[in-house]
file work-v5.cif (mmCIF, C-alpha atoms)
data_protein
#
loop_
_atom_site.label_atom_id
_atom_site.label_comp_id
_atom_site.auth_asym_id
_atom_site.auth_seq_id
_atom_site.Cartn_x
_atom_site.Cartn_y
_atom_site.Cartn_z
CA MET A 665 67.09 93.30 101.38
CA THR A 666 68.86 96.58 101.88
CA ARG A 667 72.57 97.03 101.56
CA LEU A 668 74.16 97.68 104.94
CA ALA A 669 76.24 100.75 105.63
CA ARG A 670 80.00 100.19 105.46
CA HIS A 671 81.44 98.90 108.66
CA TYR A 672 84.73 98.56 110.47
CA VAL A 673 86.08 95.98 112.90
CA PRO A 674 89.55 96.73 114.33
CA ASP A 675 92.41 94.71 112.81
CA GLN A 676 90.09 92.82 110.44
CA PRO A 677 90.67 92.72 106.67
CA GLN A 678 88.18 94.06 104.14
CA HIS A 679 87.40 93.20 100.53
CA ILE A 680 86.68 96.24 98.35
CA ILE A 681 85.09 96.53 94.90
CA LEU A 682 84.80 99.70 92.81
CA GLN A 683 83.04 99.35 89.47
CA GLY A 684 83.39 101.47 86.35
CA LEU A 685 80.48 103.53 85.08
CA THR A 686 80.43 103.44 81.27
CA GLY A 687 83.37 102.47 79.14
CA PRO A 688 86.79 101.47 80.47
CA ALA A 689 88.25 103.21 83.51
CA PHE A 690 91.75 102.68 82.09
CA LEU A 691 92.65 103.50 78.49
CA ASP A 692 96.42 103.01 78.42
CA GLU A 693 99.40 101.95 80.49
CA GLY A 694 99.80 105.46 81.87
CA ASP A 695 96.35 105.26 83.44
CA TYR A 696 97.17 102.02 85.24
CA LEU A 697 100.51 103.32 86.49
CA TYR A 698 99.03 106.59 87.67
CA PHE A 699 96.22 104.83 89.54
CA LEU A 700 98.76 102.67 91.36
CA ALA A 701 100.74 105.78 92.30
CA CYS A 702 97.55 107.35 93.64
CA LEU A 703 96.76 104.17 95.57
CA ALA A 704 100.22 104.01 97.13
CA ASP A 705 100.04 107.66 98.25
CA ALA A 706 96.48 107.38 99.58
CA ALA A 707 97.20 104.15 101.45
CA ARG A 708 100.23 105.72 103.12
CA VAL A 709 98.33 108.84 104.22
CA ALA A 710 95.30 106.85 105.43
CA ASP A 711 97.45 104.19 107.11
CA LEU A 712 95.75 101.50 105.03
CA ALA A 713 97.55 98.17 104.57
CA VAL A 714 97.05 96.87 101.02
CA HIS A 715 97.45 93.09 100.71
CA ALA A 716 96.13 92.33 97.21
CA TRP A 717 94.86 94.36 94.25
CA VAL A 718 93.66 94.11 90.67
CA LEU A 719 92.83 96.82 88.13
CA MET A 720 90.57 95.70 85.28
CA PRO A 721 89.06 97.90 82.57
CA ASP A 722 85.64 97.99 84.24
CA ALA A 723 86.30 97.17 87.90
CA ILE A 724 88.97 97.20 90.59
CA GLN A 725 89.31 95.11 93.74
CA PHE A 726 91.46 95.40 96.86
CA LEU A 727 92.14 93.36 99.97
CA VAL A 728 93.11 95.70 102.78
CA THR A 729 93.33 96.13 106.54
CA PRO A 730 92.44 99.62 107.82
CA SER A 731 94.26 101.03 110.82
CA PHE A 732 91.28 103.11 111.94
CA GLU A 733 87.60 103.47 111.10
CA SER A 734 87.95 106.06 108.33
CA SER A 735 91.09 104.57 106.69
CA VAL A 736 89.24 102.94 103.80
CA THR A 737 86.95 105.90 103.14
CA MET A 738 89.84 108.37 103.22
CA ALA A 739 91.97 106.30 100.86
CA MET A 740 89.20 105.48 98.38
CA GLN A 741 87.94 109.05 98.20
CA ALA A 742 91.45 110.43 97.73
CA VAL A 743 92.53 107.96 95.07
CA SER A 744 89.23 108.15 93.17
CA ARG A 745 89.14 111.96 93.07
CA ARG A 746 92.78 112.35 92.12
CA TYR A 747 92.65 109.66 89.46
CA VAL A 748 89.44 110.91 87.82
CA GLU A 749 90.77 114.47 87.55
CA THR A 750 93.92 113.33 85.77
CA PHE A 751 92.10 110.70 83.66
CA ASN A 752 89.67 113.31 82.36
CA ARG A 753 92.43 115.81 81.65
CA ARG A 754 94.58 113.26 79.81
CA HIS A 755 91.74 111.99 77.65
CA GLY A 756 89.65 115.12 77.19
CA ARG A 757 86.69 113.75 79.11
CA ARG A 758 84.32 115.01 81.80
CA GLY A 759 82.47 113.48 84.74
CA THR A 760 83.17 110.43 86.84
CA VAL A 761 84.39 107.04 85.68
CA TRP A 762 82.95 105.07 88.63
CA ARG A 763 79.54 103.50 89.10
CA GLY A 764 78.69 105.10 92.43
CA ALA A 765 80.65 104.54 95.62
CA TYR A 766 82.82 101.56 96.45
CA CYS A 767 81.46 98.40 98.09
CA ALA A 768 83.28 96.77 101.00
CA THR A 769 82.90 94.16 103.70
CA VAL A 770 84.79 92.71 106.63
CA ILE A 771 85.94 89.10 106.17
CA GLU A 772 86.94 86.43 108.66
CA PRO A 773 90.69 86.23 108.03
CA ASP A 774 91.41 82.60 108.94
CA ARG A 775 88.66 81.37 106.62
CA TYR A 776 88.55 83.91 103.82
CA PHE A 777 91.78 85.92 103.60
CA LEU A 778 93.68 83.63 101.22
CA LEU A 779 90.53 82.89 99.23
CA THR A 780 89.92 86.62 98.75
CA SER A 781 93.50 87.16 97.67
CA GLN A 782 93.14 84.34 95.14
CA VAL A 783 89.82 85.70 93.86
CA ILE A 784 91.40 89.11 93.31
CA ASP A 785 94.48 87.73 91.56
CA HIS A 786 92.36 85.45 89.36
CA ALA A 787 89.78 88.10 88.42
CA PRO A 788 91.39 88.77 85.00
CA VAL A 789 91.15 85.04 84.20
CA ARG A 790 87.53 84.84 85.36
CA ASN A 791 86.73 87.85 83.17
CA HIS A 792 88.46 86.28 80.13
CA LEU A 793 91.15 88.93 79.87
CA VAL A 794 94.00 86.38 80.04
CA ALA A 795 94.40 82.63 80.23
CA GLU A 796 96.73 82.64 83.25
CA PRO A 797 96.92 85.10 86.18
CA GLY A 798 100.64 85.59 85.59
CA ASN A 799 99.91 86.95 82.12
CA TYR A 800 98.07 89.97 83.49
CA PRO A 801 100.33 92.85 84.58
CA TRP A 802 97.81 94.82 86.65
CA SER A 803 97.30 92.60 89.67
CA SER A 804 99.22 91.54 92.76
CA TYR A 805 99.65 87.95 91.53
CA THR A 806 103.23 88.38 90.35
CA HIS A 807 104.11 90.03 93.66
CA HIS A 808 102.68 87.08 95.56
CA ILE A 809 104.71 84.54 93.55
CA GLY A 810 107.93 86.54 93.72
CA LEU A 811 108.28 87.80 90.16
CA ARG A 812 107.82 91.46 91.12
CA VAL A 813 107.88 93.57 94.27
CA ASP A 814 104.95 95.94 94.83
CA SER A 815 106.46 98.35 97.32
CA PHE A 816 103.06 99.52 98.63
CA ILE A 817 101.89 95.98 99.54
CA LYS A 818 102.09 94.93 103.16
CA ASP A 819 102.09 91.15 103.39
CA HIS A 820 99.49 89.94 105.88
CA PRO A 821 100.55 87.51 108.67
CA LEU A 822 98.38 84.81 107.04
CA TYR A 823 100.34 85.17 103.80
CA ARG A 824 103.56 84.80 105.75
CA THR A 825 102.34 81.50 107.20
CA LEU A 826 102.61 79.99 103.71
CA GLY A 827 106.33 79.39 104.27
CA ASP A 828 109.34 80.17 106.41
CA THR A 829 111.16 81.90 103.54
CA PRO A 830 110.01 84.18 100.72
CA PHE A 831 110.74 81.39 98.22
CA GLU A 832 108.52 78.95 100.12
CA ARG A 833 105.73 81.49 100.36
CA HIS A 834 105.94 82.27 96.65
CA GLN A 835 105.86 78.60 95.71
CA THR A 836 102.98 77.78 98.05
CA TYR A 837 100.94 80.68 96.69
CA ARG A 838 101.67 79.53 93.15
CA ASP A 839 100.50 76.02 94.08
CA LEU A 840 97.32 77.40 95.61
CA SER A 841 96.66 79.34 92.44
CA ALA A 842 96.76 76.14 90.42
CA GLN A 843 93.78 74.76 92.37
CA PRO A 844 90.23 75.57 91.24
CA LEU A 845 88.37 78.05 93.39
CA ASP A 846 85.22 76.99 95.24
CA GLU A 847 82.49 78.68 93.21
CA LEU A 848 80.07 78.78 96.15
CA GLU A 849 82.65 80.50 98.32
CA VAL A 850 83.52 82.94 95.53
CA ASN A 851 79.85 83.81 95.11
CA ASN A 852 79.45 84.26 98.88
CA LEU A 853 82.40 86.63 98.90
CA MET A 854 81.14 88.72 95.99
CA GLN A 855 77.58 88.89 97.31
CA SER A 856 78.78 89.87 100.78
CA THR A 857 81.02 92.63 99.43
CA LEU A 858 78.46 94.06 97.02
CA ASN A 859 75.82 94.11 99.76
CA GLY A 860 78.06 95.10 102.68
CA TRP A 861 77.53 91.95 104.76
CA VAL A 862 80.28 90.69 107.05
CA LEU A 863 81.54 87.32 105.82
CA GLY A 864 82.47 84.54 108.23
CA SER A 865 81.24 81.79 110.50
CA ALA A 866 78.29 82.40 112.79
CA ALA A 867 80.64 82.77 115.76
CA TYR A 868 82.83 85.25 113.89
CA CYS A 869 79.86 87.33 112.74
CA GLU A 870 78.53 87.49 116.29
CA TRP A 871 81.95 88.51 117.62
CA ALA A 872 82.37 91.13 114.87
CA ALA A 873 78.92 92.62 115.57
CA GLN A 874 79.65 92.85 119.30
CA THR A 875 83.06 94.39 118.62
CA ALA A 876 81.65 96.91 116.15
CA ASN A 877 78.55 97.44 118.34
CA ARG A 878 76.24 97.29 115.33
CA ARG A 879 74.40 94.86 113.06
CA LEU A 880 76.67 93.49 110.33
CA LYS A 881 74.39 90.90 108.73
CA PRO A 882 71.01 91.30 106.98
CA LEU A 883 67.78 90.58 108.81
CA LEU A 884 65.89 87.89 106.92
CA LEU A 885 62.12 88.04 106.95
CA ARG A 886 60.42 84.71 107.54
CA ASP A 887 59.34 82.88 104.35
CA ARG A 888 60.83 85.59 102.15
CA PRO A 889 63.88 84.61 100.09
CA PRO A 890 66.81 87.04 100.20
CA LYS A 891 67.47 89.25 97.21
CA VAL A 892 70.85 88.90 95.56
CA ARG A 893 72.78 90.89 93.03
CA THR A 894 72.39 89.78 89.43
CA THR A 895 74.93 87.53 87.78
CA GLY A 896 75.76 90.43 85.48
CA ALA A 897 76.84 92.59 88.40
CA LEU A 898 78.96 89.75 89.76
CA ALA A 899 80.57 89.18 86.40
CA HIS A 900 81.55 92.82 86.01
CA ALA A 901 82.98 92.89 89.53
CA GLY A 902 85.18 89.89 88.84
#

call {"tool": "encode", "arguments": {"input": "work-v5.cif", "output": "C-alpha cells"}}
result
Amino acid sequence: MTRLARHYVPDQPQHIILQGLTGPAFLDEGDYLYFLACLADAARVADLAVHAWVLMPDAIQFLVTPSFESSVTMAMQAVSRRYVETFNRRHGRRGTVWRGAYCATVIEPDRYFLLTSQVIDHAPVRNHLVAEPGNYPWSSYTHHIGLRVDSFIKDHPLYRTLGDTPFERHQTYRDLSAQPLDELEVNNLMQSTLNGWVLGSAAYCEWAAQTANRRLKPLLLRDRPPKVRTTGALAHAG
C-alpha cells in the first residue's frame, strides 16, 4: 500500500512526525532551545497554530492546525533547514539529521484531538526516557497542566472545553494524563500519520475527501491484507 501525498483540509488539525536519521538530533540543551526558537519563528511566518509538541533524541511530533494549504510545508522546511545548519556548525558535523521528509495526516478533531495531544505528551514515557510526562522538559505537557507557558502554543477550542478556567483545564488535562491510553487508537494514529491517511470516522473521512477534493484513504485490494509500518518504526516515532 503506497503512502498518500500530504493533504490539507481547511481548519482541521494535523499530526506530524519527523524522525532522526542516525544518532540523536539533539545533543545538548542548546539544541533543544534553538529548535523551539526556530519552531516559534516558522510557525508565526507560516501562520501555523501549534497545539502540542515533543522533541525526543530521535524523533519529534507536533499537533498543529494550518491556516492555509502550504502552512505545514513552509514551517517544517524552514525550521528543519535552519536547525540543521546551526546544529552542524555547533557540533562540527555535516549533512542532514532527519530521516527523509516529515509525515503528517489530518485527524478528526472531536474524536482524536485530545488523544493525539496525550500521545505526544506521553511519548517520552512510551520511549522509556522518563517515568512520568512531567519529568520531561521538552514537551508541551507542562504547558497543558499549567506549570509553564509556551508562548508559541495556541490552545485549540477543544482544549478550552476541558474547563471554564485555566485551573480547571489544567486539572482536567492532568486527570486525563493519568488514564491509560487506548493502544489500538494509538496504533491507528501512528499508522495513519506515517502513511499519510486521514484518521476519523467513515463519515468524517468522506466529508474530508469531498472538502479536499481528493482521495485521503488507501484503496484496499480485495483479499490482500494492508501493509503496515514495522513496530520498530512506530517505536522510534513515539

call {"tool": "closest_residue", "arguments": {"input": "work-v5.cif", "among": "A:Gln835, A:Gln843, A:Thr729, A:Gln683", "to": "Glu772 in chain A", "atoms": "all atoms listed in the file"}}
result
A:Thr729

call {"tool": "resolve_selection", "arguments": {"input": "work-v5.cif", "expression": "the PyMOL selection byres ((chain A and resi 803) around 6)", "output": "MDAnalysis selection string"}}
result
chainID A and resid 717:718 785 801:802 804:805

call {"tool": "closest_atom_pairs", "arguments": {"input": "work-v5.cif", "of": "range 784-885 of chain A", "to": "range 690-711 of chain A", "cutoff": "9 Å", "atoms": "all atoms listed in the file", "output": "tab-separated table"}}
result
residue	atom	partner	partner_atom	distance
A:Trp802	CA	A:Tyr696	CA	7.4
A:Ser815	CA	A:Ala704	CA	8.4
A:Phe816	CA	A:Ala704	CA	5.5
A:Ile817	CA	A:Ala704	CA	8.5

call {"tool": "resolve_selection", "arguments": {"input": "work-v5.cif", "expression": "the PyMOL selection byres ((chain A and resi 769) around 6)", "output": "ChimeraX atom specification"}}
result
/A:678-679,768,770,857,860-862

call {"tool": "write_last_selection", "arguments": {"input": "work-v5.cif", "atoms": "C-alpha atoms", "output": "short mmCIF file (atom, residue, chain, number, x, y, z; two decimals), in the coordinates of the input"}}
result
data_model
loop_
_atom_site.label_atom_id
_atom_site.label_comp_id
_atom_site.auth_asym_id
_atom_site.auth_seq_id
_atom_site.Cartn_x
_atom_site.Cartn_y
_atom_site.Cartn_z
CA GLN A 678 88.18 94.06 104.14
CA HIS A 679 87.40 93.20 100.53
CA ALA A 768 83.28 96.77 101.00
CA VAL A 770 84.79 92.71 106.63
CA THR A 857 81.02 92.63 99.43
CA GLY A 860 78.06 95.10 102.68
CA TRP A 861 77.53 91.95 104.76
CA VAL A 862 80.28 90.69 107.05
#

call {"tool": "closest_residue", "arguments": {"input": "work-v5.cif", "among": "A:Asn799, A:Asn752, A:Thr875, A:Gln782", "to": "Ala842 in chain A", "atoms": "all atoms listed in the file"}}
result
A:Gln782

call {"tool": "atom_distance", "arguments": {"input": "work-v5.cif", "atom1": "CA of Val728 in chain A", "atom2": "CA of His808 in chain A"}}
result
14.8 Å

call {"tool": "residues_near_point", "arguments": {"input": "work-v5.cif", "point": "(96.2, 92.4, 104.9)", "cutoff": "9 Å", "atoms": "all atoms listed in the file", "output": "number ranges by chain"}}
result
A: 676-678, 713-716, 727-730, 773, 777, 817-823

call {"tool": "resolve_selection", "arguments": {"input": "work-v5.cif", "expression": "the PyMOL selection byres ((chain A and resi 837) around 10)", "output": "tab-separated table (two decimals) with C-alpha atoms, in the coordinates of the input"}}
result
chain	number	residue	atom	x	y	z
A	778	LEU	CA	93.68	83.63	101.22
A	781	SER	CA	93.50	87.16	97.67
A	782	GLN	CA	93.14	84.34	95.14
A	805	TYR	CA	99.65	87.95	91.53
A	808	HIS	CA	102.68	87.08	95.56
A	809	ILE	CA	104.71	84.54	93.55
A	810	GLY	CA	107.93	86.54	93.72
A	823	TYR	CA	100.34	85.17	103.80
A	826	LEU	CA	102.61	79.99	103.71
A	827	GLY	CA	106.33	79.39	104.27
A	831	PHE	CA	110.74	81.39	98.22
A	832	GLU	CA	108.52	78.95	100.12
A	833	ARG	CA	105.73	81.49	100.36
A	834	HIS	CA	105.94	82.27	96.65
A	835	GLN	CA	105.86	78.60	95.71
A	836	THR	CA	102.98	77.78	98.05
A	838	ARG	CA	101.67	79.53	93.15
A	839	ASP	CA	100.50	76.02	94.08
A	840	LEU	CA	97.32	77.40	95.61
A	841	SER	CA	96.66	79.34	92.44
A	842	ALA	CA	96.76	76.14	90.42

call {"tool": "build_atoms", "arguments": {"input": "work-v5.cif", "residues": "range 706-741 of chain A", "atoms": "N, CA and C atoms", "output": "PDB file, in the coordinates of the input"}}
result
ATOM      1  N   ALA A 706      97.668 107.333  98.730  1.00  0.00           N
ATOM      2  CA  ALA A 706      96.480 107.380  99.580  1.00  0.00           C
ATOM      3  C   ALA A 706      96.570 106.367 100.704  1.00  0.00           C
ATOM      4  N   ALA A 707      97.075 105.178 100.420  1.00  0.00           N
ATOM      5  CA  ALA A 707      97.200 104.150 101.450  1.00  0.00           C
ATOM      6  C   ALA A 707      98.176 104.590 102.538  1.00  0.00           C
ATOM      7  N   ARG A 708      99.251 105.252 102.146  1.00  0.00           N
ATOM      8  CA  ARG A 708     100.230 105.720 103.120  1.00  0.00           C
ATOM      9  C   ARG A 708      99.617 106.802 104.027  1.00  0.00           C
ATOM     10  N   VAL A 709      98.934 107.748 103.435  1.00  0.00           N
ATOM     11  CA  VAL A 709      98.330 108.840 104.220  1.00  0.00           C
ATOM     12  C   VAL A 709      97.239 108.312 105.143  1.00  0.00           C
ATOM     13  N   ALA A 710      96.428 107.371 104.640  1.00  0.00           N
ATOM     14  CA  ALA A 710      95.300 106.850 105.430  1.00  0.00           C
ATOM     15  C   ALA A 710      95.699 105.684 106.316  1.00  0.00           C
ATOM     16  N   ASP A 711      96.975 105.314 106.295  1.00  0.00           N
ATOM     17  CA  ASP A 711      97.450 104.190 107.110  1.00  0.00           C
ATOM     18  C   ASP A 711      96.634 102.935 106.804  1.00  0.00           C
ATOM     19  N   LEU A 712      96.524 102.634 105.512  1.00  0.00           N
ATOM     20  CA  LEU A 712      95.750 101.500 105.030  1.00  0.00           C
ATOM     21  C   LEU A 712      96.715 100.452 104.478  1.00  0.00           C
ATOM     22  N   ALA A 713      96.693  99.252 105.045  1.00  0.00           N
ATOM     23  CA  ALA A 713      97.550  98.170 104.570  1.00  0.00           C
ATOM     24  C   ALA A 713      96.902  97.480 103.383  1.00  0.00           C
ATOM     25  N   VAL A 714      97.554  97.520 102.232  1.00  0.00           N
ATOM     26  CA  VAL A 714      97.050  96.870 101.020  1.00  0.00           C
ATOM     27  C   VAL A 714      97.723  95.508 100.891  1.00  0.00           C
ATOM     28  N   HIS A 715      96.917  94.447 100.779  1.00  0.00           N
ATOM     29  CA  HIS A 715      97.450  93.090 100.710  1.00  0.00           C
ATOM     30  C   HIS A 715      97.339  92.480  99.316  1.00  0.00           C
ATOM     31  N   ALA A 716      96.318  92.855  98.563  1.00  0.00           N
ATOM     32  CA  ALA A 716      96.130  92.330  97.210  1.00  0.00           C
ATOM     33  C   ALA A 716      95.339  93.360  96.410  1.00  0.00           C
ATOM     34  N   TRP A 717      95.545  93.371  95.084  1.00  0.00           N
ATOM     35  CA  TRP A 717      94.860  94.360  94.250  1.00  0.00           C
ATOM     36  C   TRP A 717      94.756  93.854  92.819  1.00  0.00           C
ATOM     37  N   VAL A 718      93.770  94.357  92.106  1.00  0.00           N
ATOM     38  CA  VAL A 718      93.660  94.110  90.670  1.00  0.00           C
ATOM     39  C   VAL A 718      92.950  95.316  90.050  1.00  0.00           C
ATOM     40  N   LEU A 719      93.461  95.754  88.914  1.00  0.00           N
ATOM     41  CA  LEU A 719      92.830  96.820  88.130  1.00  0.00           C
ATOM     42  C   LEU A 719      92.403  96.213  86.801  1.00  0.00           C
ATOM     43  N   MET A 720      91.106  96.178  86.552  1.00  0.00           N
ATOM     44  CA  MET A 720      90.570  95.700  85.280  1.00  0.00           C
ATOM     45  C   MET A 720      89.885  96.863  84.579  1.00  0.00           C
ATOM     46  N   PRO A 721      89.640  96.764  83.291  1.00  0.00           N
ATOM     47  CA  PRO A 721      89.060  97.900  82.570  1.00  0.00           C
ATOM     48  C   PRO A 721      87.764  98.424  83.167  1.00  0.00           C
ATOM     49  N   ASP A 722      86.935  97.534  83.737  1.00  0.00           N
ATOM     50  CA  ASP A 722      85.640  97.990  84.240  1.00  0.00           C
ATOM     51  C   ASP A 722      85.426  97.787  85.726  1.00  0.00           C
ATOM     52  N   ALA A 723      86.456  97.360  86.452  1.00  0.00           N
ATOM     53  CA  ALA A 723      86.300  97.170  87.900  1.00  0.00           C
ATOM     54  C   ALA A 723      87.664  97.018  88.547  1.00  0.00           C
ATOM     55  N   ILE A 724      87.747  97.410  89.822  1.00  0.00           N
ATOM     56  CA  ILE A 724      88.970  97.200  90.590  1.00  0.00           C
ATOM     57  C   ILE A 724      88.594  96.538  91.912  1.00  0.00           C
ATOM     58  N   GLN A 725      89.529  95.776  92.465  1.00  0.00           N
ATOM     59  CA  GLN A 725      89.310  95.110  93.740  1.00  0.00           C
ATOM     60  C   GLN A 725      90.564  95.247  94.600  1.00  0.00           C
ATOM     61  N   PHE A 726      90.361  95.343  95.911  1.00  0.00           N
ATOM     62  CA  PHE A 726      91.460  95.400  96.860  1.00  0.00           C
ATOM     63  C   PHE A 726      91.163  94.494  98.044  1.00  0.00           C
ATOM     64  N   LEU A 727      92.219  94.010  98.677  1.00  0.00           N
ATOM     65  CA  LEU A 727      92.140  93.360  99.970  1.00  0.00           C
ATOM     66  C   LEU A 727      93.017  94.178 100.906  1.00  0.00           C
ATOM     67  N   VAL A 728      92.413  94.738 101.941  1.00  0.00           N
ATOM     68  CA  VAL A 728      93.110  95.700 102.780  1.00  0.00           C
ATOM     69  C   VAL A 728      92.807  95.470 104.253  1.00  0.00           C
ATOM     70  N   THR A 729      93.635  96.047 105.113  1.00  0.00           N
ATOM     71  CA  THR A 729      93.330  96.130 106.540  1.00  0.00           C
ATOM     72  C   THR A 729      93.474  97.579 106.972  1.00  0.00           C
ATOM     73  N   PRO A 730      92.374  98.217 107.371  1.00  0.00           N
ATOM     74  CA  PRO A 730      92.440  99.620 107.820  1.00  0.00           C
ATOM     75  C   PRO A 730      92.986  99.727 109.228  1.00  0.00           C
ATOM     76  N   SER A 731      93.708 100.799 109.486  1.00  0.00           N
ATOM     77  CA  SER A 731      94.260 101.030 110.820  1.00  0.00           C
ATOM     78  C   SER A 731      93.269 101.738 111.737  1.00  0.00           C
ATOM     79  N   PHE A 732      92.309 102.452 111.145  1.00  0.00           N
ATOM     80  CA  PHE A 732      91.280 103.110 111.940  1.00  0.00           C
ATOM     81  C   PHE A 732      90.011 103.183 111.108  1.00  0.00           C
ATOM     82  N   GLU A 733      88.930 103.614 111.707  1.00  0.00           N
ATOM     83  CA  GLU A 733      87.600 103.470 111.100  1.00  0.00           C
ATOM     84  C   GLU A 733      87.472 104.165 109.756  1.00  0.00           C
ATOM     85  N   SER A 734      88.124 105.314 109.586  1.00  0.00           N
ATOM     86  CA  SER A 734      87.950 106.060 108.330  1.00  0.00           C
ATOM     87  C   SER A 734      89.079 105.791 107.324  1.00  0.00           C
ATOM     88  N   SER A 735      89.957 104.824 107.592  1.00  0.00           N
ATOM     89  CA  SER A 735      91.090 104.570 106.690  1.00  0.00           C
ATOM     90  C   SER A 735      90.635 104.267 105.270  1.00  0.00           C
ATOM     91  N   VAL A 736      89.668 103.347 105.133  1.00  0.00           N
ATOM     92  CA  VAL A 736      89.240 102.940 103.800  1.00  0.00           C
ATOM     93  C   VAL A 736      88.568 104.093 103.076  1.00  0.00           C
ATOM     94  N   THR A 737      87.665 104.785 103.767  1.00  0.00           N
ATOM     95  CA  THR A 737      86.950 105.900 103.140  1.00  0.00           C
ATOM     96  C   THR A 737      87.925 106.991 102.701  1.00  0.00           C
ATOM     97  N   MET A 738      88.857 107.338 103.566  1.00  0.00           N
ATOM     98  CA  MET A 738      89.840 108.370 103.220  1.00  0.00           C
ATOM     99  C   MET A 738      90.645 107.977 101.991  1.00  0.00           C
ATOM    100  N   ALA A 739      91.128 106.749 101.972  1.00  0.00           N
ATOM    101  CA  ALA A 739      91.970 106.300 100.860  1.00  0.00           C
ATOM    102  C   ALA A 739      91.178 106.226  99.564  1.00  0.00           C
ATOM    103  N   MET A 740      89.987 105.645  99.606  1.00  0.00           N
ATOM    104  CA  MET A 740      89.200 105.480  98.380  1.00  0.00           C
ATOM    105  C   MET A 740      88.744 106.819  97.819  1.00  0.00           C
ATOM    106  N   GLN A 741      88.343 107.727  98.680  1.00  0.00           N
ATOM    107  CA  GLN A 741      87.940 109.050  98.200  1.00  0.00           C
ATOM    108  C   GLN A 741      89.114 109.788  97.584  1.00  0.00           C
TER     109      GLN A 741
END
